[in-house]
$ cat coords20.cif   # mmCIF, C-alpha atoms
data_final
#
loop_
_atom_site.group_PDB
_atom_site.id
_atom_site.type_symbol
_atom_site.label_atom_id
_atom_site.label_comp_id
_atom_site.auth_asym_id
_atom_site.auth_seq_id
_atom_site.Cartn_x
_atom_site.Cartn_y
_atom_site.Cartn_z
ATOM 1 C CA GLN A 1 124.923 84.003 80.813
ATOM 2 C CA PRO A 2 124.117 85.107 84.367
ATOM 3 C CA GLU A 3 120.507 85.983 85.104
ATOM 4 C CA PRO A 4 119.874 89.741 85.400
ATOM 5 C CA SER A 5 119.840 91.340 88.804
ATOM 6 C CA PRO A 6 116.450 92.547 89.993
ATOM 7 C CA ARG A 7 116.000 96.276 89.567
ATOM 8 C CA THR A 8 114.952 96.973 93.144
ATOM 9 C CA GLY A 9 114.578 95.321 96.517
ATOM 10 C CA THR A 10 117.576 92.994 96.406
ATOM 11 C CA GLU A 11 120.464 95.334 95.635
ATOM 12 C CA LYS A 12 121.696 95.067 99.219
ATOM 13 C CA PHE A 13 122.197 91.362 98.817
ATOM 14 C CA VAL A 14 124.021 91.710 95.510
ATOM 15 C CA ASP A 15 126.231 94.525 96.806
ATOM 16 C CA ARG A 16 127.134 92.643 99.952
ATOM 17 C CA ASP A 17 128.652 89.751 98.039
ATOM 18 C CA GLY A 18 129.689 91.668 94.953
ATOM 19 C CA SER A 19 129.125 88.787 92.549
ATOM 20 C CA GLU A 20 126.424 87.906 90.089
ATOM 21 C CA SER A 21 127.086 84.193 90.630
ATOM 22 C CA GLN A 22 126.019 84.436 94.271
ATOM 23 C CA TYR A 23 122.757 86.076 93.170
ATOM 24 C CA ALA A 24 122.168 83.236 90.719
ATOM 25 C CA THR A 25 122.831 80.725 93.517
ATOM 26 C CA LYS A 26 120.198 82.373 95.712
ATOM 27 C CA LEU A 27 117.709 82.377 92.856
ATOM 28 C CA ASN A 28 118.328 78.684 92.253
ATOM 29 C CA GLN A 29 117.907 77.953 95.958
ATOM 30 C CA GLN A 30 114.542 79.712 95.873
ATOM 31 C CA LYS A 31 113.424 77.529 92.971
ATOM 32 C CA GLN A 32 114.525 74.398 94.802
ATOM 33 C CA ALA A 33 112.592 75.494 97.894
ATOM 34 C CA GLU A 34 109.287 75.122 96.008
ATOM 35 C CA SER A 35 109.004 71.523 97.205
ATOM 36 C CA ILE A 36 109.361 72.410 100.901
ATOM 37 C CA PRO A 37 105.969 72.413 102.676
ATOM 38 C CA VAL A 38 105.049 75.261 104.992
ATOM 39 C CA GLU A 39 105.193 74.715 108.740
ATOM 40 C CA VAL A 40 103.265 77.673 110.107
ATOM 41 C CA GLY A 41 105.103 79.590 112.806
ATOM 42 C CA ASN A 42 108.365 77.673 112.402
ATOM 43 C CA ALA A 43 111.189 80.210 112.017
ATOM 44 C CA LYS A 44 113.591 77.662 110.502
ATOM 45 C CA ASN A 45 110.968 76.649 107.955
ATOM 46 C CA VAL A 46 110.373 80.298 107.013
ATOM 47 C CA ALA A 47 114.083 80.625 106.215
ATOM 48 C CA GLU A 48 114.095 77.336 104.288
ATOM 49 C CA THR A 49 111.181 78.362 102.080
ATOM 50 C CA LEU A 50 112.474 81.903 101.444
ATOM 51 C CA PRO A 51 116.238 81.527 100.818
ATOM 52 C CA PHE A 52 116.276 84.457 98.405
ATOM 53 C CA LEU A 53 115.410 86.952 101.154
ATOM 54 C CA LEU A 54 117.851 88.702 103.457
ATOM 55 C CA ASP A 55 117.982 87.494 107.052
ATOM 56 C CA SER A 56 116.169 90.616 108.263
ATOM 57 C CA GLN A 57 113.406 90.088 105.708
ATOM 58 C CA VAL A 58 113.019 86.446 106.718
ATOM 59 C CA GLU A 59 112.766 87.501 110.357
ATOM 60 C CA ASP A 60 110.010 90.020 109.618
ATOM 61 C CA ALA A 61 108.123 87.586 107.379
ATOM 62 C CA GLY A 62 108.168 85.073 110.223
ATOM 63 C CA LYS A 63 106.997 87.730 112.670
ATOM 64 C CA ALA A 64 104.025 88.541 110.432
ATOM 65 C CA GLU A 65 103.123 84.886 110.049
ATOM 66 C CA ARG A 66 103.247 84.220 113.781
ATOM 67 C CA ARG A 67 101.061 87.223 114.555
ATOM 68 C CA LEU A 68 98.474 86.493 111.865
ATOM 69 C CA GLU A 69 98.355 82.708 111.823
ATOM 70 C CA VAL A 70 99.610 81.574 115.231
ATOM 71 C CA ASP A 71 98.499 84.350 117.572
ATOM 72 C CA GLY A 72 95.242 84.853 115.701
ATOM 73 C CA GLU A 73 95.649 88.607 115.335
ATOM 74 C CA LYS A 74 94.088 90.279 112.293
ATOM 75 C CA ALA A 75 96.795 92.765 111.343
ATOM 76 C CA ILE A 76 100.417 93.790 111.703
ATOM 77 C CA LEU A 77 102.132 97.083 110.891
ATOM 78 C CA PHE A 78 105.751 97.344 109.724
ATOM 79 C CA ALA A 79 107.302 100.807 109.977
ATOM 80 C CA ASN A 80 110.825 99.929 108.827
ATOM 81 C CA GLY A 81 112.702 102.715 107.080
ATOM 82 C CA THR A 82 112.774 103.350 103.345
ATOM 83 C CA GLY A 83 115.050 100.960 101.478
ATOM 84 C CA THR A 84 114.913 98.155 104.043
ATOM 85 C CA GLY A 85 113.100 95.773 101.674
ATOM 86 C CA LYS A 86 109.585 95.809 103.143
ATOM 87 C CA GLY A 87 108.096 95.153 99.721
ATOM 88 C CA LEU A 88 110.073 91.983 99.062
ATOM 89 C CA MET A 89 109.532 90.891 102.667
ATOM 90 C CA SER A 90 105.769 91.233 102.254
ATOM 91 C CA LEU A 91 105.967 89.130 99.106
ATOM 92 C CA GLY A 92 107.683 86.496 101.224
ATOM 93 C CA VAL A 93 104.572 86.474 103.431
ATOM 94 C CA VAL A 94 102.443 86.190 100.292
ATOM 95 C CA LYS A 95 104.560 83.261 99.098
ATOM 96 C CA ARG A 96 103.971 81.398 102.364
ATOM 97 C CA TYR A 97 100.214 81.980 102.109
ATOM 98 C CA VAL A 98 100.116 80.766 98.500
ATOM 99 C CA LYS A 99 102.057 77.623 99.396
ATOM 100 C CA GLN A 100 99.328 76.867 101.950
ATOM 101 C CA GLY A 101 96.608 77.194 99.320
ATOM 102 C CA LYS A 102 95.590 80.672 100.533
ATOM 103 C CA GLY A 103 96.159 82.393 97.230
ATOM 104 C CA ASP A 104 93.341 84.956 97.223
ATOM 105 C CA ILE A 105 95.407 88.038 98.081
ATOM 106 C CA VAL A 106 95.048 91.779 97.453
ATOM 107 C CA ILE A 107 98.034 94.153 97.477
ATOM 108 C CA VAL A 108 97.383 97.910 97.373
ATOM 109 C CA VAL A 109 100.170 100.359 96.484
ATOM 110 C CA PRO A 110 100.295 104.119 95.869
ATOM 111 C CA LYS A 111 101.461 104.187 92.237
ATOM 112 C CA GLN A 112 101.929 102.216 89.033
ATOM 113 C CA GLU A 113 105.709 101.913 89.272
ATOM 114 C CA LEU A 114 105.304 99.967 92.528
ATOM 115 C CA ILE A 115 102.934 97.591 90.744
ATOM 116 C CA ASP A 116 105.608 96.918 88.126
ATOM 117 C CA LYS A 117 108.229 96.458 90.837
ATOM 118 C CA ALA A 118 106.114 93.981 92.817
ATOM 119 C CA ILE A 119 105.300 91.921 89.723
ATOM 120 C CA GLU A 120 109.003 91.634 88.849
ATOM 121 C CA GLU A 121 110.066 90.847 92.414
ATOM 122 C CA GLY A 122 107.260 88.319 92.714
ATOM 123 C CA LYS A 123 108.791 86.353 89.845
ATOM 124 C CA LEU A 124 111.963 85.942 91.910
ATOM 125 C CA LEU A 125 109.898 84.048 94.497
ATOM 126 C CA GLY A 126 107.870 82.125 91.928
ATOM 127 C CA LEU A 127 104.758 84.279 92.419
ATOM 128 C CA ASP A 128 102.319 85.144 89.647
ATOM 129 C CA ILE A 129 100.990 88.607 90.519
ATOM 130 C CA THR A 130 98.293 90.180 88.344
ATOM 131 C CA ALA A 131 97.575 93.901 88.103
ATOM 132 C CA LEU A 132 93.951 95.007 87.898
ATOM 133 C CA GLN A 133 93.338 96.563 84.493
ATOM 134 C CA SER A 134 90.129 98.421 85.316
ATOM 135 C CA THR A 135 87.918 99.628 88.152
ATOM 136 C CA SER A 136 85.089 97.246 87.231
ATOM 137 C CA VAL A 137 86.665 93.896 88.121
ATOM 138 C CA ALA A 138 87.752 92.456 91.479
ATOM 139 C CA GLY A 139 90.442 90.175 90.087
ATOM 140 C CA GLN A 140 91.432 86.781 91.436
ATOM 141 C CA GLY A 141 94.509 85.082 92.806
ATOM 142 C CA VAL A 142 97.334 87.384 93.893
ATOM 143 C CA THR A 143 96.130 90.784 92.709
ATOM 144 C CA ILE A 144 97.811 94.172 92.913
ATOM 145 C CA THR A 145 96.314 97.611 92.349
ATOM 146 C CA THR A 146 96.554 101.244 93.422
ATOM 147 C CA TYR A 147 94.719 103.180 96.105
ATOM 148 C CA ALA A 148 93.032 105.112 93.269
ATOM 149 C CA ASN A 149 91.606 101.880 91.868
ATOM 150 C CA LEU A 150 90.501 100.737 95.337
ATOM 151 C CA ARG A 151 88.576 103.988 95.824
ATOM 152 C CA ALA A 152 86.674 103.575 92.557
ATOM 153 C CA ASN A 153 86.340 99.794 92.409
ATOM 154 C CA THR A 154 83.214 98.577 94.216
ATOM 155 C CA SER A 155 83.787 95.026 92.962
ATOM 156 C CA LEU A 156 87.194 94.958 94.624
ATOM 157 C CA GLN A 157 85.734 96.417 97.829
ATOM 158 C CA MET A 158 83.372 93.417 98.021
ATOM 159 C CA ARG A 159 86.130 90.834 97.573
ATOM 160 C CA VAL A 160 86.926 88.535 100.517
ATOM 161 C CA PRO A 161 90.661 87.734 100.202
ATOM 162 C CA ASP A 162 92.821 85.561 102.430
ATOM 163 C CA LEU A 163 95.266 88.425 102.955
ATOM 164 C CA ILE A 164 95.309 92.182 102.325
ATOM 165 C CA ILE A 165 98.556 94.150 102.136
ATOM 166 C CA PHE A 166 98.574 97.964 102.170
ATOM 167 C CA ASP A 167 101.918 99.355 101.029
ATOM 168 C CA GLU A 168 102.597 102.808 102.505
ATOM 169 C CA SER A 169 99.440 102.417 104.558
ATOM 170 C CA GLN A 170 99.460 106.074 105.571
ATOM 171 C CA ASN A 171 97.673 106.547 102.239
ATOM 172 C CA ILE A 172 94.544 105.174 103.906
ATOM 173 C CA LEU A 173 94.487 108.450 105.846
ATOM 174 C CA GLU A 174 95.053 110.564 102.716
ATOM 175 C CA ASN A 175 95.122 113.903 104.549
ATOM 176 C CA GLN A 176 97.190 115.320 107.386
ATOM 177 C CA ASP A 177 94.182 116.587 109.351
ATOM 178 C CA GLY A 178 92.946 113.067 110.048
ATOM 179 C CA ASP A 179 89.575 113.577 108.344
ATOM 180 C CA ILE A 180 87.714 110.605 106.883
ATOM 181 C CA SER A 181 88.654 110.315 103.199
ATOM 182 C CA SER A 182 87.392 108.351 100.205
ATOM 183 C CA THR A 183 90.380 106.031 100.613
ATOM 184 C CA THR A 184 89.501 105.447 104.265
ATOM 185 C CA GLN A 185 85.925 104.586 103.291
ATOM 186 C CA ALA A 186 87.061 102.213 100.537
ATOM 187 C CA ALA A 187 89.443 100.419 102.905
ATOM 188 C CA ARG A 188 86.644 100.136 105.468
ATOM 189 C CA LYS A 189 84.430 98.405 102.897
ATOM 190 C CA LEU A 190 87.143 95.908 102.008
ATOM 191 C CA PHE A 191 87.753 95.186 105.681
ATOM 192 C CA SER A 192 84.050 95.004 106.526
ATOM 193 C CA TYR A 193 83.488 92.173 104.063
ATOM 194 C CA GLN A 194 86.393 90.425 105.762
ATOM 195 C CA GLY A 195 84.731 90.913 109.133
ATOM 196 C CA TYR A 196 87.736 93.009 110.157
ATOM 197 C CA SER A 197 85.958 96.214 111.170
ATOM 198 C CA GLY A 198 87.760 96.143 114.532
ATOM 199 C CA VAL A 199 91.107 95.920 112.748
ATOM 200 C CA MET A 200 90.265 98.899 110.579
ATOM 201 C CA LYS A 201 89.345 100.962 113.637
ATOM 202 C CA ALA A 202 92.629 100.029 115.306
ATOM 203 C CA ALA A 203 94.556 100.937 112.147
ATOM 204 C CA GLU A 204 92.785 104.289 111.965
ATOM 205 C CA GLN A 205 93.773 105.049 115.543
ATOM 206 C CA VAL A 206 97.429 104.378 114.721
ATOM 207 C CA LEU A 207 97.196 106.531 111.586
ATOM 208 C CA GLY A 208 95.410 109.355 113.375
ATOM 209 C CA VAL A 209 92.018 109.237 111.672
ATOM 210 C CA LYS A 210 89.394 111.227 113.547
ATOM 211 C CA PRO A 211 86.621 108.998 114.933
ATOM 212 C CA ASP A 212 83.207 109.427 113.326
ATOM 213 C CA GLY A 213 81.175 106.990 115.411
ATOM 214 C CA ASN A 214 81.196 104.191 112.801
#
$ encode --input "coords20.cif" --output "structure tokens"
Amino acid sequence: QPEPSPRTGTEKFVDRDGSESQYATKLNQQKQAESIPVEVGNAKNVAETLPFLLDSQVEDAGKAERRLEVDGEKAILFANGTGTGKGLMSLGVVKRYVKQGKGDIVIVVPKQELIDKAIEEGKLLGLDITALQSTSVAGQGVTITTYANLRANTSLQMRVPDLIIFDESQNILENQDGDISSTTQAARKLFSYQGYSGVMKAAEQVLGVKPDGN
């Protein structure tokens, strides 16, 4: 029996070839890639460790890794269009971090259905992603939650992860007028414990948040 196709994120790959067997081959290649060590910043190595991803996703995952781990920058913003596979690409970045022993990661998404999607897609890359079940725990390992939980969860705001991913990061702004919101404040706290206050200010400038002198 062929393994089921993922519900989202990889349909382009399946459609391009038109066969379930090719999907199964890619999935098997991803499993075999578990033994390949990470060579940070090496584009060929990125492709070798993430054979399940599309070429464009591999390219973007490598770009993120080079910026964050080679160039020493603290953040990167991807503004690719809807349906281009940014979610699965970001999980490729997560996979590379985990393989390096940097498995303390927080992913923030707008709604529950995106949590379910990320958990299922993570399995395709051999990732164990855990959803926060309440607003009183910070979680550990690769953790995913919503912006609503981040706003209310002071324990999470004090966590010091290896990597933070904001899906649909315009939600940090939360209002079209650019006023400081509860989500903005919560994100600031998470970044401040990381020592990334400068990154948060830069992100706010891109998103159009009005400066408040902080």
$ residues_near_point --input "coords20.cif" --point "(106.9, 86.2, 103.7)" --cutoff "9 Å" --atoms "only C-alpha atoms" --output "list in words"
Val46, Leu50, Leu53, Gln57, Val58, Glu59, Asp60, Ala61, Gly62, Ala64, Glu65, Leu88, Met89, Ser90, Leu91, Gly92, Val93, Val94, Lys95, Arg96 and Tyr97 of chain A
$ write_last_selection --input "coords20.cif" --atoms "C-alpha atoms" --output "PDB file, in the coordinates of the input"
ATOM      1  CA  VAL A  46     110.373  80.298 107.013  1.00  0.00           C
ATOM      2  CA  LEU A  50     112.474  81.903 101.444  1.00  0.00           C
ATOM      3  CA  LEU A  53     115.410  86.952 101.154  1.00  0.00           C
ATOM      4  CA  GLN A  57     113.406  90.088 105.708  1.00  0.00           C
ATOM      5  CA  VAL A  58     113.019  86.446 106.718  1.00  0.00           C
ATOM      6  CA  GLU A  59     112.766  87.501 110.357  1.00  0.00           C
ATOM      7  CA  ASP A  60     110.010  90.020 109.618  1.00  0.00           C
ATOM      8  CA  ALA A  61     108.123  87.586 107.379  1.00  0.00           C
ATOM      9  CA  GLY A  62     108.168  85.073 110.223  1.00  0.00           C
ATOM     10  CA  ALA A  64     104.025  88.541 110.432  1.00  0.00           C
ATOM     11  CA  GLU A  65     103.123  84.886 110.049  1.00  0.00           C
ATOM     12  CA  LEU A  88     110.073  91.983  99.062  1.00  0.00           C
ATOM     13  CA  MET A  89     109.532  90.891 102.667  1.00  0.00           C
ATOM     14  CA  SER A  90     105.769  91.233 102.254  1.00  0.00           C
ATOM     15  CA  LEU A  91     105.967  89.130  99.106  1.00  0.00           C
ATOM     16  CA  GLY A  92     107.683  86.496 101.224  1.00  0.00           C
ATOM     17  CA  VAL A  93     104.572  86.474 103.431  1.00  0.00           C
ATOM     18  CA  VAL A  94     102.443  86.190 100.292  1.00  0.00           C
ATOM     19  CA  LYS A  95     104.560  83.261  99.098  1.00  0.00           C
ATOM     20  CA  ARG A  96     103.971  81.398 102.364  1.00  0.00           C
ATOM     21  CA  TYR A  97     100.214  81.980 102.109  1.00  0.00           C
TER      22      TYR A  97
END
$ resolve_selection --input "coords20.cif" --expression "the PyMOL selection byres ((chain A and resi 110) around 8)" --output "PyMOL selection string"
chain A and resi 108-109+111-112+114+146-148+167-168+171
$ resolve_selection --input "coords20.cif" --expression "the PyMOL selection byres ((chain A and resi 136) around 7)" --output "NGL selection string"
:A and (134-135 or 137-138 or 153 or 155)
$ write_last_selection --input "coords20.cif" --atoms "C-alpha atoms" --output "CSV table (one decimal), in the coordinates of the input"
chain,number,residue,atom,x,y,z
A,134,SER,CA,90.1,98.4,85.3
A,135,THR,CA,87.9,99.6,88.2
A,137,VAL,CA,86.7,93.9,88.1
A,138,ALA,CA,87.8,92.5,91.5
A,153,ASN,CA,86.3,99.8,92.4
A,155,SER,CA,83.8,95.0,93.0
$ residues_around --input "coords20.cif" --residues "Ala131 (chain A)" --least-positions-apart "6" --cutoff "10 Å" --atoms "only C-alpha atoms" --output "PDB file with C-alpha atoms, in the coordinates of the input"
ATOM      1  CA  VAL A 106      95.048  91.779  97.453  1.00  0.00           C
ATOM      2  CA  ILE A 107      98.034  94.153  97.477  1.00  0.00           C
ATOM      3  CA  GLN A 112     101.929 102.216  89.033  1.00  0.00           C
ATOM      4  CA  ILE A 115     102.934  97.591  90.744  1.00  0.00           C
ATOM      5  CA  ASP A 116     105.608  96.918  88.126  1.00  0.00           C
ATOM      6  CA  ALA A 118     106.114  93.981  92.817  1.00  0.00           C
ATOM      7  CA  ILE A 119     105.300  91.921  89.723  1.00  0.00           C
ATOM      8  CA  GLY A 139      90.442  90.175  90.087  1.00  0.00           C
ATOM      9  CA  GLN A 140      91.432  86.781  91.436  1.00  0.00           C
ATOM     10  CA  VAL A 142      97.334  87.384  93.893  1.00  0.00           C
ATOM     11  CA  THR A 143      96.130  90.784  92.709  1.00  0.00           C
ATOM     12  CA  ILE A 144      97.811  94.172  92.913  1.00  0.00           C
ATOM     13  CA  THR A 145      96.314  97.611  92.349  1.00  0.00           C
ATOM     14  CA  THR A 146      96.554 101.244  93.422  1.00  0.00           C
TER      15      THR A 146
END
$ atom_distance --input "coords20.cif" --atom1 "CA of Val38 (chain A)" --atom2 "CA of Lys86 (chain A)"
21.1 Å
$ closest_residue --input "coords20.cif" --among "A:Thr49, A:Thr82, A:Gln22, A:Asn42" --to "Gly126 (chain A)" --atoms "all atoms listed in the file"
A:Thr49
$ atom_distance --input "coords20.cif" --atom1 "CA of Lys99 (chain A)" --atom2 "CA of Glu34 (chain A)"
8.4 Å
$ atom_distance --input "coords20.cif" --atom1 "CA of Leu68 (chain A)" --atom2 "CA of Asp55 (chain A)"
20.1 Å
$ resolve_selection --input "coords20.cif" --expression "the PyMOL selection byres ((chain A and resi 28) around 12)" --output "list in words"
Pro2, Glu3, Ser21, Gln22, Tyr23, Ala24, Thr25, Lys26, Leu27, Gln29, Gln30, Lys31, Gln32, Ala33, Glu34, Leu50, Pro51, Phe52, Leu124, Leu125 and Gly126 of chain A
$ closest_residue --input "coords20.cif" --among "A:Ile105, A:Val40, A:Val98, A:Met158" --to "Val70 (chain A)" --atoms "all atoms listed in the file"
A:Val40
$ closest_residue --input "coords20.cif" --among "A:Ile36, A:Ala152, A:Leu132, A:Ile76" --to "Gln100 (chain A)" --atoms "only C-alpha atoms"
A:Ile36
$ closest_residue --input "coords20.cif" --among "A:Ser56, A:Glu39, A:Asp71, A:Gly141" --to "Ile164 (chain A)" --atoms "all atoms listed in the file"
A:Gly141
